[in-house]
$ cat final-v1.cif   # mmCIF, C-alpha atoms and all ligand atoms
data_target
loop_
_atom_site.label_atom_id
_atom_site.label_comp_id
_atom_site.auth_asym_id
_atom_site.auth_seq_id
_atom_site.Cartn_x
_atom_site.Cartn_y
_atom_site.Cartn_z
CA MET A 23 13.31 1.20 -10.66
CA ALA A 24 10.58 0.97 -8.08
CA LEU A 25 11.40 0.47 -4.42
CA THR A 26 9.20 -2.45 -3.32
CA TRP A 27 8.70 -4.20 -0.02
CA THR A 28 6.05 -5.96 2.02
CA HIS A 29 5.00 -4.54 5.37
CA LYS A 30 4.10 -7.14 8.00
CA ASP A 31 0.43 -6.15 8.02
CA ARG A 32 -0.06 -3.25 5.57
CA GLY A 33 0.53 -5.23 2.37
CA GLU A 34 2.95 -4.64 -0.47
CA ILE A 35 4.30 -1.17 -1.09
CA ARG A 36 5.61 -0.01 -4.49
CA VAL A 37 7.27 3.41 -4.62
CA HIS A 38 7.85 4.36 -8.25
CA GLU A 39 10.44 6.72 -9.72
CA ASN A 40 7.81 8.62 -11.70
CA LEU A 41 4.20 8.57 -12.93
CA GLN A 42 5.11 6.84 -16.20
CA GLU A 43 6.69 3.90 -14.36
CA LEU A 44 3.77 3.75 -11.89
CA SER A 45 1.25 3.77 -14.69
CA ILE A 46 2.92 0.88 -16.56
CA ASP A 47 3.21 -1.19 -13.38
CA LEU A 48 -0.44 -0.48 -12.52
CA VAL A 49 -1.83 -1.53 -15.90
CA ASP A 50 0.42 -4.61 -15.95
CA TYR A 51 -1.04 -5.56 -12.59
CA ILE A 52 -4.64 -4.96 -13.75
CA ALA A 53 -4.01 -7.07 -16.89
CA GLU A 54 -2.54 -9.85 -14.75
CA ILE A 55 -5.48 -9.97 -12.32
CA SER A 56 -7.92 -9.73 -15.24
CA GLU A 57 -6.35 -12.77 -16.91
CA ALA A 58 -6.17 -14.79 -13.68
CA SER A 59 -9.81 -14.00 -12.73
CA ILE A 60 -11.12 -14.91 -16.20
CA LYS A 61 -9.16 -18.17 -16.10
CA GLU A 62 -10.51 -18.95 -12.64
CA HIS A 63 -14.19 -18.05 -12.98
CA GLY A 64 -14.84 -16.74 -16.48
CA ALA A 65 -15.25 -13.05 -15.61
CA PHE A 66 -13.33 -10.10 -14.21
CA CYS A 67 -15.22 -7.96 -11.70
CA ILE A 68 -13.29 -4.71 -11.39
CA VAL A 69 -14.22 -1.79 -9.16
CA LEU A 70 -13.06 1.69 -10.17
CA SER A 71 -12.76 4.94 -8.27
CA GLY A 72 -12.71 8.48 -9.60
CA GLY A 73 -10.01 11.15 -9.41
CA SER A 74 -6.45 10.81 -10.61
CA LEU A 75 -6.62 7.00 -10.78
CA ILE A 76 -8.33 6.98 -14.19
CA SER A 77 -5.58 8.89 -15.99
CA LEU A 78 -3.01 6.51 -14.46
CA MET A 79 -4.96 3.65 -16.09
CA GLY A 80 -4.75 5.38 -19.48
CA LYS A 81 -2.29 2.88 -20.97
CA LEU A 82 -5.01 0.21 -20.89
CA ILE A 83 -6.41 1.63 -24.12
CA GLU A 84 -3.02 1.40 -25.85
CA PRO A 85 -1.20 -1.60 -27.35
CA PRO A 86 -0.58 -4.25 -26.17
CA TYR A 87 -3.22 -4.02 -23.41
CA ASP A 88 -6.11 -2.98 -25.67
CA LYS A 89 -5.66 -6.25 -27.60
CA ILE A 90 -4.56 -8.72 -24.92
CA ILE A 91 -7.28 -7.94 -22.40
CA ASP A 92 -10.51 -9.91 -22.76
CA TRP A 93 -12.75 -6.85 -22.37
CA ALA A 94 -15.93 -8.85 -23.07
CA LYS A 95 -15.44 -10.61 -19.73
CA TRP A 96 -15.11 -7.40 -17.74
CA TYR A 97 -17.83 -6.32 -15.29
CA VAL A 98 -17.30 -2.78 -14.08
CA PHE A 99 -18.42 -1.20 -10.78
CA TRP A 100 -17.53 1.92 -8.80
CA ALA A 101 -16.24 2.06 -5.23
CA ASP A 102 -17.91 5.44 -4.94
CA GLU A 103 -19.93 7.80 -7.05
CA ARG A 104 -21.02 11.38 -6.86
CA VAL A 105 -24.82 11.70 -7.11
CA VAL A 106 -24.88 13.97 -10.15
CA ALA A 107 -26.04 13.44 -13.73
CA LYS A 108 -23.90 11.01 -15.73
CA SER A 109 -23.09 13.88 -18.10
CA HIS A 110 -21.77 16.06 -15.23
CA ASP A 111 -18.03 16.67 -14.96
CA ASP A 112 -18.11 15.51 -11.33
CA SER A 113 -19.41 12.07 -12.31
CA ASN A 114 -16.94 9.23 -11.71
CA TYR A 115 -18.88 7.25 -14.34
CA LYS A 116 -18.32 9.99 -16.94
CA LEU A 117 -14.61 10.15 -16.13
CA ALA A 118 -14.18 6.40 -16.69
CA LYS A 119 -16.53 6.33 -19.69
CA ASP A 120 -14.80 9.20 -21.52
CA ASN A 121 -11.26 8.04 -20.85
CA LEU A 122 -11.49 4.25 -20.77
CA LEU A 123 -14.79 2.45 -21.20
CA SER A 124 -15.82 4.14 -24.46
CA LYS A 125 -12.48 3.13 -26.01
CA VAL A 126 -12.53 -0.61 -25.30
CA PHE A 127 -15.01 -3.44 -25.83
CA VAL A 128 -16.72 -3.68 -22.44
CA PHE A 129 -20.40 -4.58 -22.93
CA PRO A 130 -22.65 -1.70 -21.77
CA ARG A 131 -24.76 -4.26 -19.87
CA HIS A 132 -21.64 -5.23 -17.88
CA ILE A 133 -21.28 -1.68 -16.57
CA CYS A 134 -22.98 -1.33 -13.21
CA SER A 135 -23.38 2.38 -12.51
CA ILE A 136 -25.78 4.23 -10.23
CA ASN A 137 -29.21 5.61 -11.08
CA ASP A 138 -28.51 9.33 -11.34
CA THR A 139 -32.16 10.39 -11.30
CA VAL A 140 -32.96 9.56 -7.67
CA SER A 141 -31.78 10.71 -4.23
CA ALA A 142 -28.43 9.59 -2.79
CA GLU A 143 -30.24 7.27 -0.39
CA GLU A 144 -32.25 5.61 -3.19
CA ALA A 145 -29.21 5.43 -5.48
CA ALA A 146 -27.24 3.60 -2.77
CA ALA A 147 -30.09 1.15 -2.15
CA GLU A 148 -30.59 0.46 -5.89
CA TYR A 149 -26.87 0.00 -6.50
CA GLU A 150 -26.60 -2.44 -3.58
CA PHE A 151 -29.68 -4.33 -4.85
CA ALA A 152 -28.14 -4.64 -8.34
CA ILE A 153 -24.92 -6.04 -6.87
CA ARG A 154 -26.90 -8.46 -4.64
CA GLN A 155 -28.61 -9.79 -7.78
CA MET A 156 -25.22 -10.29 -9.43
CA VAL A 157 -23.95 -12.19 -6.40
CA ARG A 158 -27.11 -14.35 -6.48
CA THR A 159 -26.52 -15.18 -10.15
CA ARG A 160 -22.80 -15.70 -9.36
CA THR A 161 -21.57 -13.08 -11.79
CA VAL A 162 -19.87 -11.58 -8.75
CA ALA A 163 -18.37 -14.06 -6.29
CA ALA A 164 -19.49 -14.17 -2.68
CA SER A 165 -16.98 -13.82 0.13
CA ASP A 166 -16.19 -17.01 2.06
CA ASN A 167 -15.92 -15.27 5.39
CA SER A 168 -18.36 -12.36 5.31
CA ASP A 169 -21.81 -11.54 3.95
CA CYS A 170 -20.22 -9.46 1.19
CA PRO A 171 -19.37 -9.68 -2.48
CA LYS A 172 -15.82 -10.69 -3.29
CA PHE A 173 -14.74 -8.43 -6.15
CA ASP A 174 -11.69 -9.55 -8.10
CA LEU A 175 -10.06 -6.14 -7.87
CA ILE A 176 -10.97 -2.89 -6.11
CA LEU A 177 -8.96 0.14 -7.24
CA LEU A 178 -8.95 2.99 -4.76
CA GLY A 179 -7.50 6.47 -4.97
CA MET A 180 -6.60 8.28 -1.75
CA GLY A 181 -7.17 11.95 -0.93
CA SER A 182 -4.62 14.00 1.00
CA ASP A 183 -6.95 13.69 4.03
CA GLY A 184 -6.63 9.90 3.77
CA HIS A 185 -10.12 9.30 2.36
CA VAL A 186 -10.70 6.31 0.12
CA ALA A 187 -13.83 5.82 -2.03
CA SER A 188 -16.17 8.34 -0.30
CA LEU A 189 -15.17 7.23 3.20
CA PHE A 190 -13.94 10.41 4.87
CA PRO A 191 -12.11 10.88 8.18
CA ASN A 192 -14.40 10.59 11.23
CA HIS A 193 -17.54 10.34 9.07
CA PRO A 194 -20.36 8.00 10.23
CA ALA A 195 -20.17 6.18 6.85
CA LEU A 196 -16.87 4.71 8.05
CA VAL A 197 -18.53 2.56 10.68
CA VAL A 198 -21.43 1.22 8.59
CA LYS A 199 -21.22 -2.56 8.85
CA ASP A 200 -24.56 -3.96 7.68
CA ASP A 201 -24.89 -2.32 4.28
CA TRP A 202 -22.70 -2.89 1.22
CA VAL A 203 -23.34 0.60 -0.08
CA THR A 204 -24.09 3.69 1.97
CA PHE A 205 -24.75 7.33 1.13
CA LEU A 206 -23.61 10.78 2.23
CA THR A 207 -25.27 14.14 1.82
CA ASP A 208 -22.51 16.05 3.60
CA SER A 209 -19.27 15.01 1.90
CA PRO A 210 -16.44 17.25 3.09
CA LYS A 211 -15.18 17.25 -0.49
CA PRO A 212 -17.67 18.51 -3.08
CA PRO A 213 -20.05 17.44 -4.42
CA PRO A 214 -21.82 16.72 -1.11
CA GLU A 215 -24.11 13.89 -2.27
CA ARG A 216 -22.35 10.62 -2.83
CA ILE A 217 -22.69 6.88 -2.49
CA THR A 218 -19.84 4.64 -1.40
CA PHE A 219 -18.92 1.03 -0.77
CA THR A 220 -18.56 0.38 2.93
CA LEU A 221 -15.39 -0.95 4.53
CA PRO A 222 -16.68 -4.55 4.86
CA VAL A 223 -17.11 -4.69 1.06
CA ILE A 224 -13.68 -3.17 0.37
CA ASN A 225 -12.07 -5.55 2.84
CA SER A 226 -13.76 -8.62 1.33
CA ALA A 227 -12.19 -8.16 -2.11
CA ALA A 228 -9.68 -10.64 -3.52
CA ASN A 229 -7.31 -7.80 -4.42
CA VAL A 230 -7.28 -4.17 -3.30
CA VAL A 231 -5.01 -1.49 -4.73
CA VAL A 232 -4.54 2.00 -3.30
CA VAL A 233 -2.98 4.53 -5.66
CA ALA A 234 -1.57 7.83 -4.40
CA THR A 235 0.60 10.37 -6.16
CA GLY A 236 2.08 13.75 -5.29
CA GLU A 237 3.61 15.30 -2.21
CA SER A 238 0.22 16.42 -0.83
CA LYS A 239 -0.49 12.73 -0.07
CA ALA A 240 2.83 11.98 1.67
CA ASN A 241 1.57 12.51 5.21
CA ALA A 242 -1.58 10.43 4.68
CA ILE A 243 0.54 7.65 3.15
CA HIS A 244 2.82 7.69 6.21
CA LEU A 245 -0.17 7.54 8.57
CA ALA A 246 -1.84 4.80 6.51
CA ILE A 247 1.16 2.48 6.31
CA ASP A 248 3.83 3.10 8.94
CA ASP A 249 3.68 1.71 12.49
CA LEU A 250 2.11 4.38 14.68
CA PRO A 251 1.76 4.95 18.43
CA LYS A 252 -1.38 3.12 19.64
CA GLN A 253 -3.34 6.26 20.59
CA GLU A 254 -3.61 7.49 16.98
CA SER A 255 -7.15 6.67 15.87
CA SER A 256 -7.54 5.03 12.50
CA LEU A 257 -11.05 6.55 12.25
CA SER A 258 -9.27 9.76 11.37
CA LEU A 259 -7.57 7.99 8.48
CA PRO A 260 -9.84 5.78 6.37
CA ALA A 261 -6.92 4.49 4.25
CA ARG A 262 -5.52 2.83 7.37
CA LEU A 263 -8.74 0.80 7.68
CA VAL A 264 -8.22 -0.79 4.27
CA HIS A 265 -7.21 -4.29 5.28
CA PRO A 266 -8.56 -7.12 3.10
CA SER A 267 -9.33 -10.02 5.43
CA ASN A 268 -8.58 -12.70 2.88
CA GLY A 269 -7.06 -10.83 -0.04
CA ASN A 270 -4.02 -8.91 -1.23
CA LEU A 271 -3.35 -5.24 -0.63
CA ILE A 272 -0.91 -3.26 -2.79
CA TRP A 273 -0.02 0.42 -2.52
CA PHE A 274 1.14 2.08 -5.75
CA MET A 275 2.72 5.51 -5.28
CA ASP A 276 5.25 7.86 -6.78
CA LYS A 277 8.32 9.12 -4.92
CA PRO A 278 6.75 12.38 -3.63
CA ALA A 279 3.78 10.46 -2.15
CA GLY A 280 6.13 7.93 -0.55
CA SER A 281 8.60 10.52 0.72
CA LYS A 282 7.46 10.38 4.38
CA LEU A 283 7.43 6.60 4.73
CA ASP A 284 9.79 5.39 7.47
CA LYS A 285 11.48 3.02 5.05
CA VAL A 286 12.06 5.73 2.41
O1 LIG B 1 -13.56 12.40 -4.45
C1 LIG B 1 -12.86 11.45 -4.74
O2 LIG B 1 -11.54 11.46 -4.42
C2 LIG B 1 -10.74 10.29 -4.38
C3 LIG B 1 -9.27 10.70 -4.54
O3 LIG B 1 -9.12 11.46 -5.73
P1 LIG B 1 -7.69 11.94 -6.25
O4 LIG B 1 -7.99 12.82 -7.44
O5 LIG B 1 -7.02 12.67 -5.14
O6 LIG B 1 -6.93 10.72 -6.67
C4 LIG B 1 -11.21 9.28 -5.40
O7 LIG B 1 -10.51 8.07 -5.24
C5 LIG B 1 -12.71 9.07 -5.24
O8 LIG B 1 -13.18 8.05 -6.09
C6 LIG B 1 -13.39 10.35 -5.58
O9 LIG B 1 -14.79 10.27 -5.55
#
$ encode --input "final-v1.cif" --output "structure tokens" --more "lines below"
Ligand SMILES: O=C1O[C@H](COP(=O)(O)O)[C@@H](O)[C@H](O)[C@H]1O
Amino acid sequence: MALTWTHKDRGEIRVHENLQELSIDLVDYIAEISEASIKEHGAFCIVLSGGSLISLMGKLIEPPYDKIIDWAKWYVFWADERVVAKSHDDSNYKLAKDNLLSKVFVFPRHICSINDTVSAEEAAAEYEFAIRQMVRTRTVAASDNSDCPKFDLILLGMGSDGHVASLFPNHPALVVKDDWVTFLTDSPKPPPERITFTLPVINSAANVVVVATGESKANAIHLAIDDLPKQESSLSLPARLVHPSNGNLIWFMDKPAGSKLDKV
């Protein structure tokens, strides 16, 4: 059984016995937010990440989820993307397409991916423009308290350095406030060219989930969640800056990733 508690300002924390249990809890949660969002405004705007997250979502293509989810109402976005061809193994789009989107009934026109034929800077600008259009037509909700979209659910992975989306420790992209999407040409983790949602967009979502598994993430999880001495800068740990201003934050992890949490 998962160990679950709510931290006074870091959201809800769920430490699972194993990956199987985590994966079931994660897809149950996605199905629940999908249903609630569709009931509330007729669509589900979900933001994916790359990495290990996608395999943990694998049960979505199995019964009962494949049948109970109203896939035709899904609109799919990415929190970050590597600026490579969509057929490239580094592409977050390809990862989601091969393992999830090609196996369910999401309309291709509801999938909002980047233009992979232009520079990182142009891809970021085009992606932001496309999302602005969708906010204008109210496919994506607008935030009540910021000039940002309010996605129904943003799913983030976390690297062992504490990066989320393509927001890396001490990188200038972390402090971008005026753009929804920014770009990098010097990502510390390859490939170097990427686009990413900025923190204001992540923190304007209705629901944000951070998923982390494995012992290599235990220290970053501790630094992201536990109470720390004031002098420790959160710029060195992007995951600590995930703090939805008017939404829910849930951390899904397995035991090894949660092993350094004060409470564990
Ligand atoms: O490079 C990236 O890494 C993170 C974390 O990946 P993981 O395999 O350690 O879970 C991922 O969330 C992000 O989307 C991706 O571009």
$ residues_around --input "final-v1.cif" --residues "Arg160 of chain A" --least-positions-apart "3" --cutoff "12 Å" --atoms "only C-alpha atoms" --output "ChimeraX atom specification"
/A:63-65,67,153-157,163-165,171-173
$ atom_distance --input "final-v1.cif" --atom1 "atom CA of Asp201 of chain A" --atom2 "atom CA of Ile55 of chain A"
26.7 Å
$ residues_around --input "final-v1.cif" --residues "segment 116-131 of chain A" --least-positions-apart "5" --cutoff "8 Å" --atoms "all atoms listed in the file" --output "list in words"
Gly72, Ile76, Ser77, Gly80, Leu82, Ile83, Asp88, Trp93, Ala94, Lys95, Trp96, Tyr97, Lys108, Ser109, His110 and Asp111 of chain A
$ residues_near_ligand --input "final-v1.cif" --ligand "ligand LIG 1 (chain B)" --cutoff "7 Å" --atoms "all atoms listed in the file" --output "ChimeraX atom specification"
/A:71-75,101-104,114,178-182,185-188,211,234
$ axis_aligned_box --input "final-v1.cif" --around "segment 223-236 of chain A" --padding-each-side "5 Å" --output "lines of an AutoDock Vina configuration file"
center_x = -7.5
center_y = 1.6
center_z = -1.7
size_x = 29.2
size_y = 34.4
size_z = 19.0
$ closest_residue --input "final-v1.cif" --among "A:Val264, A:Ile91, A:Val198, A:Met23" --to "Ile224 of chain A" --atoms "only C-alpha atoms"
A:Val264
$ closest_residue --input "final-v1.cif" --among "A:Ile52, A:Leu283, A:Leu271, A:Leu175" --to "Ile247 of chain A" --atoms "only C-alpha atoms"
A:Leu283
$ atom_distance --input "final-v1.cif" --atom1 "atom CA of Ile217 of chain A" --atom2 "atom CA of Pro266 of chain A"
20.7 Å
$ closest_residue --input "final-v1.cif" --among "A:Ser59, A:Thr235, A:Thr159, A:Ser258" --to "Pro194 of chain A" --atoms "all atoms listed in the file"
A:Ser258
$ residues_around --input "final-v1.cif" --residues "segment 42-45 of chain A" --least-positions-apart "3" --cutoff "10 Å" --atoms "only C-alpha atoms" --output "list of chain:residue names"
A:Met23, A:Ala24, A:Arg36, A:Val37, A:His38, A:Glu39, A:Leu48, A:Val49, A:Asp50, A:Tyr51, A:Leu75, A:Ser77, A:Leu78, A:Met79, A:Gly80, A:Lys81, A:Leu82, A:Val233, A:Thr235, A:Phe274, A:Met275, A:Asp276, A:Lys277
$ residues_around --input "final-v1.cif" --residues "Asn137 of chain A" --least-positions-apart "3" --cutoff "10 Å" --atoms "all atoms listed in the file" --output "number ranges by chain"
A: 105-108, 134, 140-142, 144-146, 148-149
$ atom_distance --input "final-v1.cif" --atom1 "atom CA of Ile60 of chain A" --atom2 "atom CA of Leu221 of chain A"
25.4 Å
$ closest_residue --input "final-v1.cif" --among "A:Arg216, A:His29, A:His132, A:Lys252" --to "Thr161 of chain A" --atoms "all atoms listed in the file"
A:His132
$ residues_near_point --input "final-v1.cif" --point "(3.4, 13.6, 7.6)" --cutoff "12 Å" --atoms "only C-alpha atoms" --output "ChimeraX atom specification"
/A:182-184,237-248,250,278-284
$ write_last_selection --input "final-v1.cif" --atoms "C-alpha atoms" --output "CSV table (one decimal), in the frame of the given file"
chain,number,residue,atom,x,y,z
A,182,SER,CA,-4.6,14.0,1.0
A,183,ASP,CA,-7.0,13.7,4.0
A,184,GLY,CA,-6.6,9.9,3.8
A,237,GLU,CA,3.6,15.3,-2.2
A,238,SER,CA,0.2,16.4,-0.8
A,239,LYS,CA,-0.5,12.7,-0.1
A,240,ALA,CA,2.8,12.0,1.7
A,241,ASN,CA,1.6,12.5,5.2
A,242,ALA,CA,-1.6,10.4,4.7
A,243,ILE,CA,0.5,7.6,3.2
A,244,HIS,CA,2.8,7.7,6.2
A,245,LEU,CA,-0.2,7.5,8.6
A,246,ALA,CA,-1.8,4.8,6.5
A,247,ILE,CA,1.2,2.5,6.3
A,248,ASP,CA,3.8,3.1,8.9
A,250,LEU,CA,2.1,4.4,14.7
A,278,PRO,CA,6.8,12.4,-3.6
A,279,ALA,CA,3.8,10.5,-2.2
A,280,GLY,CA,6.1,7.9,-0.6
A,281,SER,CA,8.6,10.5,0.7
A,282,LYS,CA,7.5,10.4,4.4
A,283,LEU,CA,7.4,6.6,4.7
A,284,ASP,CA,9.8,5.4,7.5
$ closest_residue --input "final-v1.cif" --among "A:Trp273, A:Ser113, A:Val69, A:Gly33" --to "Val162 of chain A" --atoms "only C-alpha atoms"
A:Val69
